[in-house]
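Novice: Take a look at query_32.pdb, PDB, C-alpha atoms:
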ATOM      1  CA  MET A  96     -39.323 -48.145  16.367
ATOM      2  CA  ASN A  97     -42.374 -50.311  17.070
ATOM      3  CA  THR A  98     -45.647 -49.336  18.751
ATOM      4  CA  GLU A  99     -44.576 -50.679  22.159
ATOM      5  CA  GLU A 100     -41.467 -48.489  22.153
ATOM      6  CA  ILE A 101     -43.557 -45.469  21.152
ATOM      7  CA  ASP A 102     -45.976 -46.237  24.010
ATOM      8  CA  LYS A 103     -43.044 -46.352  26.449
ATOM      9  CA  LEU A 104     -41.805 -43.022  25.085
ATOM     10  CA  LEU A 105     -45.201 -41.317  25.458
ATOM     11  CA  LYS A 106     -46.356 -42.896  28.744
ATOM     12  CA  PRO A 107     -44.496 -40.556  31.152
ATOM     13  CA  LEU A 108     -45.813 -37.425  29.374
ATOM     14  CA  THR A 109     -48.656 -35.479  30.967
ATOM     15  CA  VAL A 110     -51.667 -34.109  29.080
ATOM     16  CA  ARG A 111     -49.953 -30.720  28.935
ATOM     17  CA  ASP A 112     -46.809 -32.253  27.449
ATOM     18  CA  LEU A 113     -48.840 -34.276  24.943
ATOM     19  CA  ARG A 114     -50.687 -31.148  23.813
ATOM     20  CA  GLY A 115     -47.325 -29.465  23.291
ATOM     21  CA  GLN A 116     -46.266 -32.415  21.134
ATOM     22  CA  CYS A 117     -49.500 -32.093  19.131
ATOM     23  CA  ARG A 118     -48.908 -28.365  18.582
ATOM     24  CA  ALA A 119     -45.345 -29.007  17.441
ATOM     25  CA  ARG A 120     -46.589 -31.596  14.928
ATOM     26  CA  GLY A 121     -49.553 -29.518  13.718
ATOM     27  CA  LEU A 122     -52.157 -31.876  15.217
ATOM     28  CA  ASN A 123     -55.455 -31.060  16.908
ATOM     29  CA  ILE A 124     -54.923 -30.689  20.686
ATOM     30  CA  ALA A 125     -58.470 -31.683  21.661
ATOM     31  CA  GLY A 126     -59.008 -34.848  23.672
ATOM     32  CA  GLY A 127     -57.875 -36.650  26.770
ATOM     33  CA  LEU A 128     -54.701 -38.467  27.666
ATOM     34  CA  ASP A 129     -55.341 -41.643  25.664
ATOM     35  CA  SER A 130     -56.619 -39.894  22.534
ATOM     36  CA  LEU A 131     -53.620 -37.519  22.522
ATOM     37  CA  ARG A 132     -51.222 -40.452  22.866
ATOM     38  CA  ASP A 133     -52.972 -42.211  19.974
ATOM     39  CA  LYS A 134     -52.795 -39.100  17.758
ATOM     40  CA  ILE A 135     -49.104 -38.617  18.393
ATOM     41  CA  LYS A 136     -48.326 -42.323  17.998
ATOM     42  CA  GLU A 137     -50.183 -42.441  14.670
ATOM     43  CA  HIS A 138     -48.366 -39.319  13.462
ATOM     44  CA  MET A 139     -44.986 -40.727  14.534
ATOM     45  CA  ILE A 140     -45.606 -43.921  12.577
ATOM     46  CA  GLU A 141     -46.839 -42.086   9.461
ATOM     47  CA  SER A 142     -44.065 -39.457   9.451
ATOM     48  CA  ARG A 143     -41.301 -41.797  10.703
ATOM     49  CA  ASP A 144     -40.345 -39.014  13.139
ATOM     50  CA  PHE A 145     -39.903 -40.611  16.576
ATOM     51  CA  THR A 146     -38.359 -37.637  18.366
ATOM     52  CA  LEU A 147     -40.076 -35.414  20.900
ATOM     53  CA  HIS A 148     -40.355 -31.717  20.011
ATOM     54  CA  THR A 149     -40.842 -28.454  21.835
ATOM     55  CA  GLU A 150     -43.859 -26.319  20.921
ATOM     56  CA  ASN A 151     -41.526 -24.337  18.660
ATOM     57  CA  GLY A 152     -40.717 -27.487  16.708
ATOM     58  CA  GLU A 153     -37.192 -27.900  18.076
ATOM     59  CA  THR A 154     -36.059 -31.437  18.878
ATOM     60  CA  LEU A 155     -35.808 -32.282  22.578
ATOM     61  CA  PRO A 156     -32.727 -34.113  23.858
ATOM     62  CA  GLY A 157     -32.987 -37.917  23.756
ATOM     63  CA  GLY A 158     -33.299 -38.719  27.438
ATOM     64  CA  ILE A 159     -35.196 -37.274  30.336
ATOM     65  CA  ALA A 160     -33.271 -37.168  33.621
ATOM     66  CA  ILE A 161     -35.344 -37.073  36.777
ATOM     67  CA  ALA A 162     -33.827 -36.854  40.245
ATOM     68  CA  GLY A 163     -34.602 -39.836  42.464
ATOM     69  CA  VAL A 164     -36.044 -41.970  39.659
ATOM     70  CA  SER A 165     -34.084 -44.539  37.751
ATOM     71  CA  THR A 166     -33.792 -44.172  33.986
ATOM     72  CA  SER A 167     -35.378 -47.572  33.453
ATOM     73  CA  ASP A 168     -38.506 -46.435  35.366
ATOM     74  CA  VAL A 169     -38.795 -43.299  33.236
ATOM     75  CA  VAL A 170     -38.339 -45.245  30.006
ATOM     76  CA  SER A 171     -40.813 -47.937  31.067
ATOM     77  CA  GLY A 172     -43.374 -45.299  32.091
ATOM     78  CA  ASN A 173     -43.471 -46.339  35.765
ATOM     79  CA  CYS A 174     -42.800 -42.803  36.950
ATOM     80  CA  GLN A 175     -45.965 -41.858  38.872
ATOM     81  CA  ASN A 176     -44.726 -38.604  40.406
ATOM     82  CA  ASN A 177     -46.369 -35.548  38.815
ATOM     83  CA  TYR A 178     -43.749 -33.177  40.261
ATOM     84  CA  VAL A 179     -40.841 -34.538  38.242
ATOM     85  CA  ARG A 180     -41.768 -33.102  34.859
ATOM     86  CA  PRO A 181     -38.615 -31.846  33.175
ATOM     87  CA  SER A 182     -40.213 -28.475  32.408
ATOM     88  CA  GLY A 183     -42.060 -27.988  35.725
ATOM     89  CA  GLN A 184     -42.026 -24.872  37.893
ATOM     90  CA  ASN A 185     -39.578 -26.373  40.401
ATOM     91  CA  VAL A 186     -36.760 -27.089  37.946
ATOM     92  CA  GLY A 187     -33.576 -25.380  39.072
ATOM     93  CA  ASN A 188     -34.732 -24.771  42.640
ATOM     94  CA  PHE A 189     -32.329 -25.619  45.443
ATOM     95  CA  ILE A 190     -32.290 -25.450  49.233
ATOM     96  CA  THR A 191     -30.318 -22.659  50.904
ATOM     97  CA  ASP A 192     -29.624 -21.643  54.508
ATOM     98  CA  ARG A 193     -31.997 -18.699  54.205
ATOM     99  CA  PRO A 194     -35.593 -19.547  55.210
ATOM    100  CA  SER A 195     -38.340 -18.720  52.752
ATOM    101  CA  SER A 196     -40.698 -17.506  55.479
ATOM    102  CA  ARG A 197     -40.212 -15.383  58.572
ATOM    103  CA  VAL A 198     -40.829 -16.941  62.004
ATOM    104  CA  LEU A 199     -42.971 -14.562  64.059
ATOM    105  CA  ALA A 200     -43.215 -16.660  67.234
ATOM    106  CA  ALA A 201     -41.864 -19.857  68.666
ATOM    107  CA  PRO A 202     -43.943 -23.020  68.192
ATOM    108  CA  GLY A 203     -46.878 -22.802  70.599
ATOM    109  CA  GLY A 204     -46.855 -19.015  70.615
ATOM    110  CA  ALA A 205     -44.775 -16.338  72.300
ATOM    111  CA  SER A 206     -44.256 -16.820  76.027
ATOM    112  CA  GLN A 207     -45.394 -14.192  78.552
ATOM    113  CA  ILE A 208     -43.714 -15.841  81.552
ATOM    114  CA  VAL A 209     -41.146 -13.611  83.259
ATOM    115  CA  PHE A 210     -38.696 -14.811  85.919
ATOM    116  CA  GLY A 211     -37.140 -12.144  88.139
ATOM    117  CA  ASP A 212     -37.551  -8.359  88.049
ATOM    118  CA  ALA A 213     -37.442  -7.940  84.280
ATOM    119  CA  PRO A 214     -40.530  -6.177  82.921
ATOM    120  CA  PRO A 215     -42.644  -8.169  80.479
ATOM    121  CA  PRO A 216     -42.001  -7.398  76.819
ATOM    122  CA  THR A 217     -44.163  -4.591  75.431
ATOM    123  CA  ASN A 218     -44.565  -5.862  71.915
ATOM    124  CA  ASN A 219     -47.890  -4.328  70.906
ATOM    125  CA  ASN A 220     -48.782  -5.178  67.314
ATOM    126  CA  ASN A 221     -52.225  -3.585  67.547
ATOM    127  CA  ASN A 222     -52.219  -0.630  65.125
ATOM    128  CA  TYR A 223     -55.385   0.790  66.685
ATOM    129  CA  ALA A 224     -53.813   1.130  70.149
ATOM    130  CA  ARG A 225     -50.897   3.370  69.183
ATOM    131  CA  PRO A 226     -50.802   6.631  71.163
ATOM    132  CA  GLY A 227     -49.812   8.639  68.073
ATOM    133  CA  GLY A 228     -52.093   6.903  65.599
ATOM    134  CA  GLN A 229     -54.676   8.423  63.287
ATOM    135  CA  ASN A 230     -57.595   7.555  65.568
ATOM    136  CA  VAL A 231     -56.354   9.463  68.610
ATOM    137  CA  GLY A 232     -58.873  12.114  69.652
ATOM    138  CA  ASN A 233     -61.732  10.632  67.670
ATOM    139  CA  PHE A 234     -65.076  10.356  69.430
ATOM    140  CA  LEU A 235     -68.617   9.328  68.514
ATOM    141  CA  THR A 236     -71.234  11.952  67.660
ATOM    142  CA  ASP A 237     -74.838  11.910  66.463
ATOM    143  CA  LYS A 238     -73.760  12.885  62.947
ATOM    144  CA  ASN A 239     -73.200   9.967  60.579
ATOM    145  CA  SER A 240     -69.819   9.778  58.916
ATOM    146  CA  SER A 241     -71.293   8.172  55.801
ATOM    147  CA  ARG A 242     -74.511   8.926  53.936
ATOM    148  CA  VAL A 243     -77.233   6.255  54.013
ATOM    149  CA  LEU A 244     -78.576   5.778  50.486
ATOM    150  CA  ALA A 245     -81.155   3.096  51.262
ATOM    151  CA  PRO A 246     -82.562   1.448  54.378
ATOM    152  CA  PRO A 247     -81.327  -2.013  55.388
ATOM    153  CA  GLY A 248     -82.677  -4.550  52.921
ATOM    154  CA  GLY A 249     -83.046  -1.951  50.151
ATOM    155  CA  ARG A 250     -85.855   0.369  49.126
ATOM    156  CA  SER A 251     -89.347  -0.993  48.747
ATOM    157  CA  GLN A 252     -90.843  -1.060  45.251
ATOM    158  CA  ILE A 253     -94.398  -1.329  46.598
ATOM    159  CA  THR A 254     -96.594   1.771  46.248
ATOM    160  CA  PHE A 255    -100.132   2.234  47.510
ATOM    161  CA  GLY A 256    -102.590   4.528  45.746
TER     162      GLY A 256
END
Let me see whether you can do it: turn the structure in this file into structure tokens.
Specialist:
Amino acid sequence: MNTEEIDKLLKPLTVRDLRGQCRARGLNIAGGLDSLRDKIKEHMIESRDFTLHTENGETLPGGIAIAGVSTSDVVSGNCQNNYVRPSGQNVGNFITDRPSSRVLAAPGGASQIVFGDAPPPTNNNNNYARPGGQNVGNFLTDKNSSRVLAPPGGRSQITFG
């Protein structure tokens, strides 16, 4: 394998993936994208080991399959999408009929228009307006409900005399 083929192999890898390759090969993980690629390329040439490894040292399968991207683009390093990493968080996800979020109101908000004699909906989501809530019967008095430890702005450290 020549240096151009190694460059094509390493080009689609992210910094995170390259650091994993360095760990698997016992190399220093410090540096940016280009320096990590150079370290791995140099190690591949010296050791004659041109396979990609997991951080545990196991050999990864030969090809990387990415949905929506042709194999030739992946091999040539033209894959610019950061979300297609083979070990990303979205691997194995699929779309189902069940929504992932609950719809609380129609787009534009809930309608309050009523046609006919039907009473308007009494959907009160205000917890403080419940007739049987914890605040029923409370009233304001002159006694503070919490102790004041310092005046607003804090205590003054200035003393006279």
Novice: List, as number ranges by chain, every residue that the PyMOL selection byres ((chain A and resi 148) around 12) selects in the file provided.
Specialist: A: 112-121, 135, 139, 144-147, 149-157
Novice: Just want the 10 Å neighbourhood of Ile140 of chain A, counted on all atoms listed in the file, with same-chain residues fewer than 6 positions away dropped. Output as number ranges by chain.
Specialist: A: 96-98, 101
Novice: Record the distance separating atom CA of Asn239 of chain A and atom CA of Ile253 of chain A, expressed in Å with one decimal.
Specialist: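 One can read the atom CA of Asn239 of chain A to atom CA of Ile253 of chain A distance as 27.8 Å.
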Novice: Figure out the distance between atom CA of Ala125 of chain A and atom CA of Lys103 of chain A, please, to one decimal in Å.
Specialist: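 Distance reported for this atom pair: 21.8 Å.
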Novice: Give me, please, the distance in Å between atom CA of Ala205 of chain A and atom CA of Gly228 of chain A, quoted to one decimal.
Specialist: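 Atom CA of Gly228 of chain A lies 25.3 Å from atom CA of Ala205 of chain A.
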Novice: Go through A:Pro194, A:Asp102, A:Pro202, A:Arg143 and flag the residue nearest Asp129 of chain A, using only C-alpha atoms for the distances.
Specialist: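 Of the candidates, the smallest distance to Asp129 of chain A is held by A:Asp102.
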Novice: Identify which of the residues A:Arg193, A:Pro247, A:Gly126, A:Arg132 lies closest to Leu104 of chain A, counting all atoms listed in the file when measuring atom-to-atom distances.
Specialist: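 Of A:Arg193, A:Pro247, A:Gly126, A:Arg132, the one nearest Leu104 of chain A is A:Arg132, counting all atoms listed in the file.
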Novice: Output as a PDB file, in the frame of the given file: segment 129-154 of chain A, completed with N, CA, C and O atoms.
Specialist:
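File produced: result_4.pdb:
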ATOM      1  N   ASP A 129     -55.466 -40.517  26.596  1.00  0.00           N
ATOM      2  CA  ASP A 129     -55.341 -41.643  25.664  1.00  0.00           C
ATOM      3  C   ASP A 129     -55.483 -41.211  24.213  1.00  0.00           C
ATOM      4  O   ASP A 129     -54.734 -41.671  23.344  1.00  0.00           O
ATOM      5  N   SER A 130     -56.434 -40.311  23.924  1.00  0.00           N
ATOM      6  CA  SER A 130     -56.619 -39.894  22.534  1.00  0.00           C
ATOM      7  C   SER A 130     -55.421 -39.082  22.039  1.00  0.00           C
ATOM      8  O   SER A 130     -55.022 -39.200  20.877  1.00  0.00           O
ATOM      9  N   LEU A 131     -54.807 -38.272  22.917  1.00  0.00           N
ATOM     10  CA  LEU A 131     -53.620 -37.519  22.522  1.00  0.00           C
ATOM     11  C   LEU A 131     -52.450 -38.459  22.245  1.00  0.00           C
ATOM     12  O   LEU A 131     -51.712 -38.272  21.277  1.00  0.00           O
ATOM     13  N   ARG A 132     -52.291 -39.470  23.107  1.00  0.00           N
ATOM     14  CA  ARG A 132     -51.222 -40.452  22.866  1.00  0.00           C
ATOM     15  C   ARG A 132     -51.429 -41.154  21.532  1.00  0.00           C
ATOM     16  O   ARG A 132     -50.477 -41.367  20.777  1.00  0.00           O
ATOM     17  N   ASP A 133     -52.679 -41.524  21.239  1.00  0.00           N
ATOM     18  CA  ASP A 133     -52.972 -42.211  19.974  1.00  0.00           C
ATOM     19  C   ASP A 133     -52.680 -41.319  18.775  1.00  0.00           C
ATOM     20  O   ASP A 133     -52.122 -41.772  17.774  1.00  0.00           O
ATOM     21  N   LYS A 134     -53.058 -40.031  18.860  1.00  0.00           N
ATOM     22  CA  LYS A 134     -52.795 -39.100  17.758  1.00  0.00           C
ATOM     23  C   LYS A 134     -51.305 -38.980  17.479  1.00  0.00           C
ATOM     24  O   LYS A 134     -50.861 -39.022  16.338  1.00  0.00           O
ATOM     25  N   ILE A 135     -50.547 -38.806  18.565  1.00  0.00           N
ATOM     26  CA  ILE A 135     -49.104 -38.617  18.393  1.00  0.00           C
ATOM     27  C   ILE A 135     -48.458 -39.903  17.882  1.00  0.00           C
ATOM     28  O   ILE A 135     -47.595 -39.862  17.002  1.00  0.00           O
ATOM     29  N   LYS A 136     -48.889 -41.040  18.436  1.00  0.00           N
ATOM     30  CA  LYS A 136     -48.326 -42.323  17.998  1.00  0.00           C
ATOM     31  C   LYS A 136     -48.599 -42.545  16.511  1.00  0.00           C
ATOM     32  O   LYS A 136     -47.700 -42.922  15.756  1.00  0.00           O
ATOM     33  N   GLU A 137     -49.822 -42.277  16.075  1.00  0.00           N
ATOM     34  CA  GLU A 137     -50.183 -42.441  14.670  1.00  0.00           C
ATOM     35  C   GLU A 137     -49.351 -41.517  13.782  1.00  0.00           C
ATOM     36  O   GLU A 137     -48.855 -41.915  12.737  1.00  0.00           O
ATOM     37  N   HIS A 138     -49.167 -40.265  14.244  1.00  0.00           N
ATOM     38  CA  HIS A 138     -48.366 -39.319  13.462  1.00  0.00           C
ATOM     39  C   HIS A 138     -46.907 -39.754  13.404  1.00  0.00           C
ATOM     40  O   HIS A 138     -46.261 -39.600  12.360  1.00  0.00           O
ATOM     41  N   MET A 139     -46.382 -40.261  14.524  1.00  0.00           N
ATOM     42  CA  MET A 139     -44.986 -40.727  14.534  1.00  0.00           C
ATOM     43  C   MET A 139     -44.775 -41.864  13.540  1.00  0.00           C
ATOM     44  O   MET A 139     -43.774 -41.892  12.836  1.00  0.00           O
ATOM     45  N   ILE A 140     -45.739 -42.779  13.486  1.00  0.00           N
ATOM     46  CA  ILE A 140     -45.606 -43.921  12.577  1.00  0.00           C
ATOM     47  C   ILE A 140     -45.709 -43.459  11.125  1.00  0.00           C
ATOM     48  O   ILE A 140     -44.928 -43.881  10.273  1.00  0.00           O
ATOM     49  N   GLU A 141     -46.657 -42.564  10.834  1.00  0.00           N
ATOM     50  CA  GLU A 141     -46.839 -42.086   9.461  1.00  0.00           C
ATOM     51  C   GLU A 141     -45.655 -41.247   8.997  1.00  0.00           C
ATOM     52  O   GLU A 141     -45.197 -41.377   7.858  1.00  0.00           O
ATOM     53  N   SER A 142     -45.137 -40.363   9.864  1.00  0.00           N
ATOM     54  CA  SER A 142     -44.065 -39.457   9.451  1.00  0.00           C
ATOM     55  C   SER A 142     -42.667 -40.047   9.657  1.00  0.00           C
ATOM     56  O   SER A 142     -41.696 -39.458   9.206  1.00  0.00           O
ATOM     57  N   ARG A 143     -42.591 -41.162  10.363  1.00  0.00           N
ATOM     58  CA  ARG A 143     -41.301 -41.797  10.703  1.00  0.00           C
ATOM     59  C   ARG A 143     -40.424 -40.859  11.531  1.00  0.00           C
ATOM     60  O   ARG A 143     -39.203 -40.936  11.498  1.00  0.00           O
ATOM     61  N   ASP A 144     -41.056 -39.944  12.256  1.00  0.00           N
ATOM     62  CA  ASP A 144     -40.345 -39.014  13.139  1.00  0.00           C
ATOM     63  C   ASP A 144     -40.651 -39.422  14.578  1.00  0.00           C
ATOM     64  O   ASP A 144     -41.735 -39.183  15.083  1.00  0.00           O
ATOM     65  N   PHE A 145     -39.686 -40.056  15.248  1.00  0.00           N
ATOM     66  CA  PHE A 145     -39.903 -40.611  16.576  1.00  0.00           C
ATOM     67  C   PHE A 145     -39.281 -39.755  17.681  1.00  0.00           C
ATOM     68  O   PHE A 145     -39.118 -40.213  18.801  1.00  0.00           O
ATOM     69  N   THR A 146     -38.946 -38.522  17.362  1.00  0.00           N
ATOM     70  CA  THR A 146     -38.359 -37.637  18.366  1.00  0.00           C
ATOM     71  C   THR A 146     -39.449 -36.786  18.998  1.00  0.00           C
ATOM     72  O   THR A 146     -40.500 -36.541  18.407  1.00  0.00           O
ATOM     73  N   LEU A 147     -39.173 -36.325  20.215  1.00  0.00           N
ATOM     74  CA  LEU A 147     -40.076 -35.414  20.900  1.00  0.00           C
ATOM     75  C   LEU A 147     -39.639 -33.995  20.577  1.00  0.00           C
ATOM     76  O   LEU A 147     -38.453 -33.703  20.459  1.00  0.00           O
ATOM     77  N   HIS A 148     -40.629 -33.085  20.423  1.00  0.00           N
ATOM     78  CA  HIS A 148     -40.355 -31.717  20.011  1.00  0.00           C
ATOM     79  C   HIS A 148     -40.860 -30.744  21.062  1.00  0.00           C
ATOM     80  O   HIS A 148     -41.774 -31.046  21.821  1.00  0.00           O
ATOM     81  N   THR A 149     -40.281 -29.543  21.048  1.00  0.00           N
ATOM     82  CA  THR A 149     -40.842 -28.454  21.835  1.00  0.00           C
ATOM     83  C   THR A 149     -41.997 -27.863  21.035  1.00  0.00           C
ATOM     84  O   THR A 149     -42.213 -28.222  19.880  1.00  0.00           O
ATOM     85  N   GLU A 150     -42.742 -26.932  21.648  1.00  0.00           N
ATOM     86  CA  GLU A 150     -43.859 -26.319  20.921  1.00  0.00           C
ATOM     87  C   GLU A 150     -43.372 -25.475  19.749  1.00  0.00           C
ATOM     88  O   GLU A 150     -44.121 -25.177  18.843  1.00  0.00           O
ATOM     89  N   ASN A 151     -42.100 -25.101  19.764  1.00  0.00           N
ATOM     90  CA  ASN A 151     -41.526 -24.337  18.660  1.00  0.00           C
ATOM     91  C   ASN A 151     -41.062 -25.233  17.530  1.00  0.00           C
ATOM     92  O   ASN A 151     -40.592 -24.752  16.514  1.00  0.00           O
ATOM     93  N   GLY A 152     -41.132 -26.547  17.732  1.00  0.00           N
ATOM     94  CA  GLY A 152     -40.717 -27.487  16.708  1.00  0.00           C
ATOM     95  C   GLY A 152     -39.283 -27.970  16.859  1.00  0.00           C
ATOM     96  O   GLY A 152     -38.826 -28.791  16.077  1.00  0.00           O
ATOM     97  N   GLU A 153     -38.574 -27.461  17.861  1.00  0.00           N
ATOM     98  CA  GLU A 153     -37.192 -27.900  18.076  1.00  0.00           C
ATOM     99  C   GLU A 153     -37.186 -29.295  18.679  1.00  0.00           C
ATOM    100  O   GLU A 153     -38.085 -29.669  19.433  1.00  0.00           O
ATOM    101  N   THR A 154     -36.163 -30.077  18.363  1.00  0.00           N
ATOM    102  CA  THR A 154     -36.059 -31.437  18.878  1.00  0.00           C
ATOM    103  C   THR A 154     -35.552 -31.416  20.313  1.00  0.00           C
ATOM    104  O   THR A 154     -34.582 -30.729  20.630  1.00  0.00           O
TER     105      THR A 154
END
